[in-house]
Number of protein chains: 2
Amino acid sequence: MASPVTPRSQDFPRWYQDVITQAELADNGPVRGTMVIRPWGYAIWERIQAEIDRRIKEAGAENAYFPLFIPESYLTREAEHVEGFSPELAVVTHGGGRQLDEPVVVRPTSETVINSFIAKWVHSYRDLPMLVNQWANVVRWELRPRLFLRTSEFLWQEGHTAHVSEEDARLYALRILREVYQSTMEDVLSVPILLGHKTRRERFAGAIRTWTCEGMMGDGKALQMGTSHELGQNFARAFGIQFTSEAGTQEYAWQTSWGVSTRLVGALIMAHGDDAGLRLPPALAPVEVVVVLIRDEEATRAAAQQLVSELAAASRRVRLDDRVATSFGRRSVEWELKGVPVRLEVGPRDLAEGQVTLVRRDIQEKRTVALAGAVTESVAALAAVQSGLLAEALQAREERTFSASGGDEAVEAVEAGGFALLPWDALGEEGETRLAGSGLTVRCLRRPDGTLAEADDESGLIAVVAKAY
Amino acid sequence: MASPVTPRSQDFPRWYQDVITQAELADNGPVRGTMVIRPWGYAIWERIQAEIDRRIKEAGAENAYFPLFIPESYLTREAEHVEGFSPELAVVTHGGGRQLDEPVVVRPTSETVINSFIAKWVHSYRDLPMLVNQWANVVRWELRPRLFLRTSEFLWQEGHTAHVSEEDARLYALRILREVYQSTMEDVLSVPILLGHKTRRERFAGAIRTWTCEGMMGDGKALQMGTSHELGQNFARAFGIQFTSEAGTQEYAWQTSWGVSTRLVGALIMAHGDDAGLRLPPALAPVEVVVVLIRDEEATRAAAQQLVSELAAASRRVRLDDRVATSFGRRSVEWELKGVPVRLEVGPRDLAEGQVTLVRRDIQEKRTVALAGAVTESVAALAAVQSGLLAEALQAREERTFSASGGDEAVEAVEAGGFALLPWDALGEEGETRLAGSGLTVRCLRRPDGTLAEADDESGLIAVVAKAY
């Protein structure tokens, strides 16, 4: 049976939309720009969320919840920052059946309100570090929406922290970047990322330094998958976050903020998907192994059920597909669209020889295995898919990464689909502005050896240039 | 050290507010009626959520996410239902920097949008039952807000299901009521509940039957902690949820809906709290055992750290309080306010005799135990607190439940603080209306033996009458 998905090489955006529809990940909501996350898509998001959440807690931050509605006046406190948002705001003017005295804004981020409360809660150096995280929906009006990548409402986490010193804040921003974000993206999503500094142009307004995680998608474009900011004392001054130091003086706190969103589901689709649909790393797959009953006979059903029980006992997420009224071909296509990493097909012919067929979704490898060893083989195959997807994405990125000496060469390299590496000292902010004219951006600044630079003005840095989502 | 909380018997509402403030559970948000859930309060909510979520998944429902914004027109589809909400709506009139052509409403529930999508997704009897759940924030403008109990924005889950038959829908509504709600409320929150039918007056608009979980709070008033509705085909007709039956005919689906919210945190506070603050059942306590270091000496610190390690190894949530710069009395008061079930106090005097002090928060029992047996004793104490709180609440409810023969007697019984039991056949809807004049409501209808009645018009039912939150 042919895949109901547009070939990826033919039309990447259409392929992306087809995969979302056919794998039943999401739908457009009734209000333009909004999204319905369907059970299959939401189960993936829940797992991403759980992985991030566990790591955030290990890093010592605590979850809290702040209100959806923010007084309009709050958004003018940190003026530099707000300017970027105002056309994106949704404004509530009526509540309780009447016009409100002061309109309220639906949070585009909870930064202002969280910082107001941190200011209330922090008194002394003993209260620091204060490490707060929130999982919530936020709204930024989107004129050109795209499911998971740019929607008017999206789900995310935003962390806001206050520290006694610049050093402490920087180390924490970096800890989140590496131990929470990089770890989840590479070890769980199997998406290799480039860590680096944002340039001043791309930096979050109000931050003194923005660290970013940049992934390469299947079309060679970049996706910013998460950021961690050092805020210096900018917000502390704006919101009055002061503390009594150990020496008894009044000081402004040093802060960080950091976030990732449902955009990560978009990253997952675009980094791994192929012409047959989604390819899920097992760590995130709502179903890791689907046992497909080819024909419903006593022996095949018994064998299939046995496999399901054993895989469940081995703590694997497993599902039995016994919808024999639907053709085998259609069901195979469905599980491939949905990206289930391993399929075990149980049919009478194989079974007569004590075998079942094991299919690995990532490399579409199909082989018969002994029934008795099918669980062990499946578990091994899952581990192979998890690391295989990462290796494959890494190789694809390397093949599409080109060293360039100047802007024109970079444009050429990136037009072909990929990342161009340029010496930042030579390119500079002027060069960056010129590139922007061709729709290219500096995704991040890195040391040639890949280690993280102390500061974005260190000499000898390499600019990673690409088109971006 | 005296408790900074108003005595419960003196002023219950003020006591409730004091506990919330002193235990650092929540704060008022900047927009009237909104709430900031602080880390201690949110950690409790996260555990409630995890327990409910696990049970919902075991009952076969899948999580999904639907948009915050709903077109105004959607809310007029099921007119009977909407009338109740309109003064509660928050309306967004501006987005993307300009006035919207059609204003959008911030969801007061996602019922209309979820049903619209269920209508899209259901085609055949093979697609049924369709069991969808959502965790989200909703907004109902609140003129007399009260933290956790009535806030303009609150967090909840709402389940919406579609079934082939009335029987199947009813069984599912009951399954959620018992296996998800009753189980969580009694086994996890340690709050005994009365299950029963709502009267027509108290029933959810649009439902043919509403089942409720009613708890008694510390002041003898009732709190509706969760409801599960049989919707018949009302919504299916309004939203066009039709399916092709096995026989090939077009049929309307039979539906249920059900929900619980952050109100459960309010229930927890009011059911168990005492004059020293919160009392948490261990299943929900962010910290089950706090090890309090009385004086920081080599031996005491080593013993305390050993206890922390062993409790953590036994999968207990444990925290070391080594803030010896703060007085021991102040720290004890703090942990009592926060409701931590078990405290282990490690001081030099006890330790010299190979002992530590174990304090049970629920009964304020303080006794010395051998250091070597402290972990075992703590684990046993936790189990005792979990069941002890339930038993205590059950006893309190029984002592405050009175059989009455008529309306006047009921008023008297309930004025004294408690539940009155009346024969529903004698009271009837007219009697119910009269009681409403005195601020009394029928919380639910039950069989005299406590089993669930098949229908709310069964004869011989008992009405549970109370004042309610």
# chains A, B, ... in the order shown; residues from 1 in each chain; ligands from 1

call {"tool": "residues_around", "arguments": {"residues": "Trp40 of chain B", "least_positions_apart": "3", "cutoff": "9 Å", "atoms": "only C-alpha atoms", "output": "count of residues only"}}
result
13

call {"tool": "residues_around", "arguments": {"residues": "Leu128 of chain A", "least_positions_apart": "6", "cutoff": "10 Å", "atoms": "only C-alpha atoms", "output": "list in words"}}
result
Val122, Thr161, Ala162, His163, Val164, Ser165, Phe243 and Ala253 of chain A

call {"tool": "write_last_selection", "arguments": {"atoms": "N, CA and C atoms", "output": "PDB file, in the first residue's frame"}}
result
ATOM      1  N   VAL A 122      11.629  37.037  48.067  1.00  0.00           N
ATOM      2  CA  VAL A 122      13.057  37.086  48.402  1.00  0.00           C
ATOM      3  C   VAL A 122      13.329  38.231  49.366  1.00  0.00           C
ATOM      4  N   THR A 161      14.835  32.200  37.710  1.00  0.00           N
ATOM      5  CA  THR A 161      15.621  31.997  38.921  1.00  0.00           C
ATOM      6  C   THR A 161      16.316  33.284  39.348  1.00  0.00           C
ATOM      7  N   ALA A 162      16.602  33.351  40.640  1.00  0.00           N
ATOM      8  CA  ALA A 162      17.322  34.504  41.205  1.00  0.00           C
ATOM      9  C   ALA A 162      18.478  33.984  42.041  1.00  0.00           C
ATOM     10  N   HIS A 163      19.628  34.628  41.897  1.00  0.00           N
ATOM     11  CA  HIS A 163      20.869  34.148  42.523  1.00  0.00           C
ATOM     12  C   HIS A 163      21.614  35.291  43.206  1.00  0.00           C
ATOM     13  N   VAL A 164      22.547  34.895  44.103  1.00  0.00           N
ATOM     14  CA  VAL A 164      23.328  35.922  44.804  1.00  0.00           C
ATOM     15  C   VAL A 164      24.405  36.556  43.930  1.00  0.00           C
ATOM     16  N   SER A 165      24.875  35.822  42.903  1.00  0.00           N
ATOM     17  CA  SER A 165      26.000  36.365  42.127  1.00  0.00           C
ATOM     18  C   SER A 165      25.852  36.063  40.643  1.00  0.00           C
ATOM     19  N   PHE A 243      17.916  41.738  47.842  1.00  0.00           N
ATOM     20  CA  PHE A 243      18.108  40.894  49.026  1.00  0.00           C
ATOM     21  C   PHE A 243      19.195  41.494  49.923  1.00  0.00           C
ATOM     22  N   ALA A 253      19.351  40.935  42.807  1.00  0.00           N
ATOM     23  CA  ALA A 253      19.650  39.545  42.457  1.00  0.00           C
ATOM     24  C   ALA A 253      20.115  39.434  41.012  1.00  0.00           C
TER      25      ALA A 253
END

call {"tool": "closest_atom_pairs", "arguments": {"of": "chain B", "to": "chain A", "cutoff": "7 Å", "atoms": "only C-alpha atoms", "output": "JSON lines"}}
result
{"residue": "B:Gly29", "atom": "CA", "partner": "A:Pro67", "partner_atom": "CA", "distance": 6.4}
{"residue": "B:Pro30", "atom": "CA", "partner": "A:Pro71", "partner_atom": "CA", "distance": 7.0}
{"residue": "B:Val31", "atom": "CA", "partner": "A:Pro71", "partner_atom": "CA", "distance": 6.3}
{"residue": "B:Thr34", "atom": "CA", "partner": "A:Pro67", "partner_atom": "CA", "distance": 6.0}
{"residue": "B:Met35", "atom": "CA", "partner": "A:Pro67", "partner_atom": "CA", "distance": 6.0}
{"residue": "B:Val36", "atom": "CA", "partner": "A:Phe66", "partner_atom": "CA", "distance": 4.6}
{"residue": "B:Ile37", "atom": "CA", "partner": "A:Tyr65", "partner_atom": "CA", "distance": 4.9}
{"residue": "B:Arg38", "atom": "CA", "partner": "A:Ala64", "partner_atom": "CA", "distance": 5.2}
{"residue": "B:Pro39", "atom": "CA", "partner": "A:Ala64", "partner_atom": "CA", "distance": 4.8}
{"residue": "B:Tyr42", "atom": "CA", "partner": "A:Ala64", "partner_atom": "CA", "distance": 5.4}
{"residue": "B:Glu62", "atom": "CA", "partner": "A:Pro39", "partner_atom": "CA", "distance": 5.9}
{"residue": "B:Asn63", "atom": "CA", "partner": "A:Pro39", "partner_atom": "CA", "distance": 5.6}
{"residue": "B:Ala64", "atom": "CA", "partner": "A:Pro39", "partner_atom": "CA", "distance": 4.8}
{"residue": "B:Tyr65", "atom": "CA", "partner": "A:Ile37", "partner_atom": "CA", "distance": 4.9}
{"residue": "B:Phe66", "atom": "CA", "partner": "A:Val36", "partner_atom": "CA", "distance": 4.7}
{"residue": "B:Pro67", "atom": "CA", "partner": "A:Thr34", "partner_atom": "CA", "distance": 6.0}
{"residue": "B:Phe69", "atom": "CA", "partner": "A:Val31", "partner_atom": "CA", "distance": 6.7}
{"residue": "B:Ile70", "atom": "CA", "partner": "A:Val31", "partner_atom": "CA", "distance": 6.5}
{"residue": "B:Pro71", "atom": "CA", "partner": "A:Val31", "partner_atom": "CA", "distance": 6.3}
{"residue": "B:Ser86", "atom": "CA", "partner": "A:Gly97", "partner_atom": "CA", "distance": 6.9}
{"residue": "B:Pro87", "atom": "CA", "partner": "A:Gly97", "partner_atom": "CA", "distance": 4.4}
{"residue": "B:Glu88", "atom": "CA", "partner": "A:Gly96", "partner_atom": "CA", "distance": 4.9}
{"residue": "B:Leu89", "atom": "CA", "partner": "A:Gly95", "partner_atom": "CA", "distance": 5.8}
{"residue": "B:Ala90", "atom": "CA", "partner": "A:Gly95", "partner_atom": "CA", "distance": 4.3}
{"residue": "B:Val91", "atom": "CA", "partner": "A:His94", "partner_atom": "CA", "distance": 5.2}
{"residue": "B:Val92", "atom": "CA", "partner": "A:Val92", "partner_atom": "CA", "distance": 4.2}
{"residue": "B:Thr93", "atom": "CA", "partner": "A:Val92", "partner_atom": "CA", "distance": 6.2}
{"residue": "B:His94", "atom": "CA", "partner": "A:Val91", "partner_atom": "CA", "distance": 5.2}
{"residue": "B:Gly95", "atom": "CA", "partner": "A:Ala90", "partner_atom": "CA", "distance": 4.3}
{"residue": "B:Gly96", "atom": "CA", "partner": "A:Pro87", "partner_atom": "CA", "distance": 4.8}
{"residue": "B:Gly97", "atom": "CA", "partner": "A:Pro87", "partner_atom": "CA", "distance": 4.4}
{"residue": "B:Trp141", "atom": "CA", "partner": "A:Gly96", "partner_atom": "CA", "distance": 5.2}

call {"tool": "residues_around", "arguments": {"residues": "Arg447 of chain A", "least_positions_apart": "2", "cutoff": "6 Å", "atoms": "only C-alpha atoms", "output": "ChimeraX atom specification"}}
result
/A:449-451,453,461-462

call {"tool": "residues_around", "arguments": {"residues": "Thr199 of chain A", "least_positions_apart": "3", "cutoff": "12 Å", "atoms": "only C-alpha atoms", "output": "PyMOL selection string"}}
result
chain A and resi 196+202-205+207-212+424+427-430+432-433+441-446+455-458+461-465

call {"tool": "write_last_selection", "arguments": {"atoms": "N, CA and C atoms", "output": "compact mmCIF listing (two decimals), in the first residue's frame"}}
result
# COMPACT_ATOMS: atom_id res chain seq x y z
N GLY A 196 25.34 26.94 21.72
CA GLY A 196 26.19 28.11 21.52
C GLY A 196 25.52 29.38 21.99
N GLU A 202 20.19 38.28 17.76
CA GLU A 202 19.26 37.17 17.99
C GLU A 202 18.96 36.95 19.47
N ARG A 203 19.65 37.68 20.31
CA ARG A 203 19.53 37.48 21.75
C ARG A 203 18.14 37.89 22.24
N PHE A 204 17.68 37.24 23.31
CA PHE A 204 16.43 37.60 23.96
C PHE A 204 16.56 39.01 24.53
N ALA A 205 15.57 39.86 24.24
CA ALA A 205 15.61 41.23 24.74
C ALA A 205 15.63 41.21 26.26
N ALA A 207 18.18 40.07 28.02
CA ALA A 207 19.23 39.14 28.48
C ALA A 207 20.59 39.75 28.22
N ILE A 208 21.56 39.36 29.04
CA ILE A 208 22.94 39.77 28.73
C ILE A 208 23.63 38.68 27.92
N ARG A 209 23.12 37.46 28.02
CA ARG A 209 23.64 36.35 27.23
C ARG A 209 22.51 35.36 26.99
N THR A 210 22.38 34.90 25.76
CA THR A 210 21.40 33.85 25.46
C THR A 210 22.14 32.64 24.92
N TRP A 211 21.94 31.50 25.58
CA TRP A 211 22.47 30.23 25.10
C TRP A 211 21.36 29.51 24.35
N THR A 212 21.69 28.84 23.27
CA THR A 212 20.65 28.19 22.48
C THR A 212 21.00 26.75 22.14
N TRP A 424 33.40 34.24 12.84
CA TRP A 424 32.56 35.36 13.28
C TRP A 424 33.32 36.68 13.26
N LEU A 427 32.93 37.88 9.75
CA LEU A 427 31.55 38.20 9.38
C LEU A 427 31.06 39.45 10.12
N GLY A 428 31.02 39.38 11.43
CA GLY A 428 30.62 40.52 12.25
C GLY A 428 29.15 40.87 12.08
N GLU A 429 28.74 41.91 12.84
CA GLU A 429 27.32 42.27 12.85
C GLU A 429 26.86 42.83 11.51
N GLU A 430 27.79 43.48 10.81
CA GLU A 430 27.41 44.00 9.48
C GLU A 430 27.14 42.86 8.52
N GLU A 432 26.26 39.96 9.34
CA GLU A 432 25.04 39.30 9.79
C GLU A 432 23.81 40.00 9.21
N THR A 433 23.85 41.32 9.20
CA THR A 433 22.74 42.10 8.64
C THR A 433 22.59 41.82 7.14
N THR A 441 20.26 33.51 8.98
CA THR A 441 20.57 34.04 10.31
C THR A 441 21.76 33.30 10.91
N VAL A 442 22.42 33.98 11.83
CA VAL A 442 23.45 33.31 12.62
C VAL A 442 22.72 32.58 13.73
N ARG A 443 22.77 31.25 13.70
CA ARG A 443 22.02 30.45 14.69
C ARG A 443 22.73 30.46 16.03
N CYS A 444 24.05 30.40 15.99
CA CYS A 444 24.80 30.49 17.25
C CYS A 444 26.28 30.68 16.97
N LEU A 445 27.00 31.08 18.02
CA LEU A 445 28.46 31.26 17.97
C LEU A 445 29.10 30.18 18.83
N ARG A 446 30.09 29.52 18.25
CA ARG A 446 30.75 28.42 18.96
C ARG A 446 32.26 28.49 18.79
N ALA A 455 32.20 33.79 26.61
CA ALA A 455 31.42 34.98 26.30
C ALA A 455 31.24 35.07 24.79
N ASP A 456 30.25 35.84 24.36
CA ASP A 456 30.00 35.91 22.92
C ASP A 456 30.95 36.86 22.21
N ASP A 457 31.80 37.57 22.97
CA ASP A 457 32.76 38.45 22.31
C ASP A 457 34.19 37.87 22.33
N GLU A 458 34.29 36.62 22.68
CA GLU A 458 35.58 35.92 22.62
C GLU A 458 36.04 35.91 21.15
N LEU A 461 35.64 32.89 17.35
CA LEU A 461 34.42 32.08 17.34
C LEU A 461 33.93 31.81 15.92
N ILE A 462 33.20 30.73 15.80
CA ILE A 462 32.63 30.33 14.51
C ILE A 462 31.13 30.62 14.54
N ALA A 463 30.63 31.27 13.48
CA ALA A 463 29.19 31.51 13.36
C ALA A 463 28.56 30.37 12.56
N VAL A 464 27.49 29.79 13.12
CA VAL A 464 26.73 28.77 12.39
C VAL A 464 25.59 29.51 11.70
N VAL A 465 25.62 29.49 10.35
CA VAL A 465 24.64 30.26 9.58
C VAL A 465 23.67 29.30 8.89

call {"tool": "residues_around", "arguments": {"residues": "Pro341 of chain B", "least_positions_apart": "5", "cutoff": "8 Å", "atoms": "only C-alpha atoms", "output": "list in words"}}
result
Arg279, Leu280, Pro281, Pro282, Ala285, Glu288, Val289, Arg360, Arg361, Asp362, Leu382 and Val385 of chain B

call {"tool": "residues_around", "arguments": {"residues": "segment 261-269 of chain A", "least_positions_apart": "2", "cutoff": "8 Å", "atoms": "only C-alpha atoms", "output": "ChimeraX atom specification"}}
result
/A:16,19,41,44-45,147-150,154-157,189,191,215,217,223,225-226,259,271-273,278-280

call {"tool": "write_last_selection", "arguments": {"atoms": "N, CA and C atoms", "output": "PDB file, in the first residue's frame"}}
result
ATOM      1  N   TYR A  16       5.307  17.679   5.984  1.00  0.00           N
ATOM      2  CA  TYR A  16       5.169  17.901   7.427  1.00  0.00           C
ATOM      3  C   TYR A  16       3.692  17.906   7.828  1.00  0.00           C
ATOM      4  N   VAL A  19       2.149  14.374   7.529  1.00  0.00           N
ATOM      5  CA  VAL A  19       2.521  13.474   8.631  1.00  0.00           C
ATOM      6  C   VAL A  19       1.680  13.794   9.869  1.00  0.00           C
ATOM      7  N   GLY A  41      -0.351  12.654  19.578  1.00  0.00           N
ATOM      8  CA  GLY A  41       0.582  13.773  19.725  1.00  0.00           C
ATOM      9  C   GLY A  41       0.762  14.171  21.178  1.00  0.00           C
ATOM     10  N   ILE A  44       3.027  11.868  23.188  1.00  0.00           N
ATOM     11  CA  ILE A  44       4.448  12.164  22.934  1.00  0.00           C
ATOM     12  C   ILE A  44       4.869  13.375  23.767  1.00  0.00           C
ATOM     13  N   TRP A  45       4.049  14.418  23.747  1.00  0.00           N
ATOM     14  CA  TRP A  45       4.345  15.624  24.523  1.00  0.00           C
ATOM     15  C   TRP A  45       4.429  15.313  26.020  1.00  0.00           C
ATOM     16  N   LEU A 147       1.409  24.179  12.690  1.00  0.00           N
ATOM     17  CA  LEU A 147       1.197  23.287  13.827  1.00  0.00           C
ATOM     18  C   LEU A 147       2.510  22.931  14.526  1.00  0.00           C
ATOM     19  N   PHE A 148       2.517  23.026  15.830  1.00  0.00           N
ATOM     20  CA  PHE A 148       3.641  22.735  16.728  1.00  0.00           C
ATOM     21  C   PHE A 148       4.774  23.768  16.638  1.00  0.00           C
ATOM     22  N   LEU A 149       4.973  24.402  15.467  1.00  0.00           N
ATOM     23  CA  LEU A 149       6.127  25.300  15.326  1.00  0.00           C
ATOM     24  C   LEU A 149       5.780  26.726  15.693  1.00  0.00           C
ATOM     25  N   ARG A 150       4.642  27.177  15.224  1.00  0.00           N
ATOM     26  CA  ARG A 150       4.197  28.545  15.512  1.00  0.00           C
ATOM     27  C   ARG A 150       2.693  28.507  15.626  1.00  0.00           C
ATOM     28  N   PHE A 154       0.491  27.995  22.773  1.00  0.00           N
ATOM     29  CA  PHE A 154       1.325  26.802  22.857  1.00  0.00           C
ATOM     30  C   PHE A 154       1.575  26.451  24.311  1.00  0.00           C
ATOM     31  N   LEU A 155       2.042  25.229  24.520  1.00  0.00           N
ATOM     32  CA  LEU A 155       2.349  24.753  25.869  1.00  0.00           C
ATOM     33  C   LEU A 155       3.855  24.832  26.046  1.00  0.00           C
ATOM     34  N   TRP A 156       4.281  25.248  27.207  1.00  0.00           N
ATOM     35  CA  TRP A 156       5.715  25.320  27.447  1.00  0.00           C
ATOM     36  C   TRP A 156       6.013  25.261  28.922  1.00  0.00           C
ATOM     37  N   GLN A 157       7.305  25.260  29.240  1.00  0.00           N
ATOM     38  CA  GLN A 157       7.737  25.518  30.600  1.00  0.00           C
ATOM     39  C   GLN A 157       8.622  26.738  30.552  1.00  0.00           C
ATOM     40  N   LEU A 189      14.982  12.622  22.694  1.00  0.00           N
ATOM     41  CA  LEU A 189      14.449  12.900  21.352  1.00  0.00           C
ATOM     42  C   LEU A 189      15.365  12.369  20.246  1.00  0.00           C
ATOM     43  N   VAL A 191      17.779  13.861  18.921  1.00  0.00           N
ATOM     44  CA  VAL A 191      18.105  14.946  17.995  1.00  0.00           C
ATOM     45  C   VAL A 191      19.417  15.580  18.452  1.00  0.00           C
ATOM     46  N   GLY A 215      18.889  22.629  16.400  1.00  0.00           N
ATOM     47  CA  GLY A 215      18.849  21.336  15.724  1.00  0.00           C
ATOM     48  C   GLY A 215      18.716  21.528  14.227  1.00  0.00           C
ATOM     49  N   MET A 217      16.906  20.231  10.858  1.00  0.00           N
ATOM     50  CA  MET A 217      15.738  19.462  10.444  1.00  0.00           C
ATOM     51  C   MET A 217      16.022  18.716   9.128  1.00  0.00           C
ATOM     52  N   LEU A 223      16.300  24.638  13.570  1.00  0.00           N
ATOM     53  CA  LEU A 223      15.192  24.917  14.486  1.00  0.00           C
ATOM     54  C   LEU A 223      15.783  25.224  15.857  1.00  0.00           C
ATOM     55  N   MET A 225      15.514  24.975  19.417  1.00  0.00           N
ATOM     56  CA  MET A 225      14.721  24.030  20.205  1.00  0.00           C
ATOM     57  C   MET A 225      14.582  24.432  21.672  1.00  0.00           C
ATOM     58  N   GLY A 226      15.452  25.301  22.132  1.00  0.00           N
ATOM     59  CA  GLY A 226      15.337  25.751  23.517  1.00  0.00           C
ATOM     60  C   GLY A 226      16.404  26.786  23.786  1.00  0.00           C
ATOM     61  N   GLY A 259      13.409  28.158  28.663  1.00  0.00           N
ATOM     62  CA  GLY A 259      12.148  27.529  28.282  1.00  0.00           C
ATOM     63  C   GLY A 259      12.248  26.634  27.059  1.00  0.00           C
ATOM     64  N   ALA A 271      12.972  16.153  12.354  1.00  0.00           N
ATOM     65  CA  ALA A 271      14.336  15.611  12.418  1.00  0.00           C
ATOM     66  C   ALA A 271      14.359  14.150  11.973  1.00  0.00           C
ATOM     67  N   HIS A 272      13.300  13.402  12.257  1.00  0.00           N
ATOM     68  CA  HIS A 272      13.344  11.956  12.022  1.00  0.00           C
ATOM     69  C   HIS A 272      12.380  11.435  10.963  1.00  0.00           C
ATOM     70  N   GLY A 273      11.340  12.186  10.665  1.00  0.00           N
ATOM     71  CA  GLY A 273      10.306  11.662   9.771  1.00  0.00           C
ATOM     72  C   GLY A 273      10.850  11.293   8.398  1.00  0.00           C
ATOM     73  N   LEU A 278       6.072   9.244  10.527  1.00  0.00           N
ATOM     74  CA  LEU A 278       6.827   9.576  11.729  1.00  0.00           C
ATOM     75  C   LEU A 278       7.802   8.439  12.057  1.00  0.00           C
ATOM     76  N   ARG A 279       8.937   8.787  12.635  1.00  0.00           N
ATOM     77  CA  ARG A 279       9.817   7.764  13.237  1.00  0.00           C
ATOM     78  C   ARG A 279      10.087   8.200  14.656  1.00  0.00           C
ATOM     79  N   LEU A 280       9.615   7.421  15.615  1.00  0.00           N
ATOM     80  CA  LEU A 280       9.730   7.837  17.014  1.00  0.00           C
ATOM     81  C   LEU A 280      10.872   7.134  17.723  1.00  0.00           C
TER      82      LEU A 280
END

call {"tool": "select_by_dssp", "arguments": {"residues": "segment 294-442 of chain B", "states": "alpha helix (DSSP H)", "output": "VMD selection string"}}
result
chain B and resid 298 to 313 328 to 337 348 to 352 374 to 399 407 to 415 424 to 437

call {"tool": "closest_residue", "arguments": {"among": "B:Asp127, B:Glu111, B:Glu246, B:Glu415", "to": "Gly439 of chain B", "atoms": "only C-alpha atoms"}}
result
B:Glu415

call {"tool": "atom_distance", "arguments": {"atom1": "atom CA of Thr112 of chain B", "atom2": "atom CA of Ala236 of chain B"}}
result
10.7 Å

call {"tool": "decode", "arguments": {"residues": "segment 436-463 of chain B", "atoms": "C-alpha atoms", "output": "short mmCIF file (atom, residue, chain, number, x, y, z; two decimals), in the first residue's frame"}}
result
data_model
loop_
_atom_site.label_atom_id
_atom_site.label_comp_id
_atom_site.auth_asym_id
_atom_site.auth_seq_id
_atom_site.Cartn_x
_atom_site.Cartn_y
_atom_site.Cartn_z
CA ALA B 436 -32.87 26.77 49.75
CA GLY B 437 -34.47 29.78 51.47
CA SER B 438 -32.37 28.93 54.54
CA GLY B 439 -29.21 28.42 52.47
CA LEU B 440 -29.49 24.61 52.59
CA THR B 441 -29.15 22.30 49.65
CA VAL B 442 -29.68 18.64 48.95
CA ARG B 443 -26.13 17.45 48.38
CA CYS B 444 -27.12 14.04 47.06
CA LEU B 445 -29.69 11.27 47.07
CA ARG B 446 -28.68 7.86 48.38
CA ARG B 447 -30.19 4.55 49.33
CA PRO B 448 -30.55 4.07 53.09
CA ASP B 449 -27.96 1.29 52.96
CA GLY B 450 -25.46 3.52 51.19
CA THR B 451 -25.43 1.61 47.91
CA LEU B 452 -25.84 3.62 44.73
CA ALA B 453 -29.39 3.94 43.47
CA GLU B 454 -30.03 3.00 39.85
CA ALA B 455 -31.94 6.22 39.22
CA ASP B 456 -32.72 9.43 41.06
CA ASP B 457 -36.46 8.72 40.99
CA GLU B 458 -36.17 5.42 42.83
CA SER B 459 -38.46 5.43 45.86
CA GLY B 460 -37.17 5.33 49.41
CA LEU B 461 -34.07 7.45 48.79
CA ILE B 462 -32.49 9.56 51.48
CA ALA B 463 -31.59 13.21 50.86
#
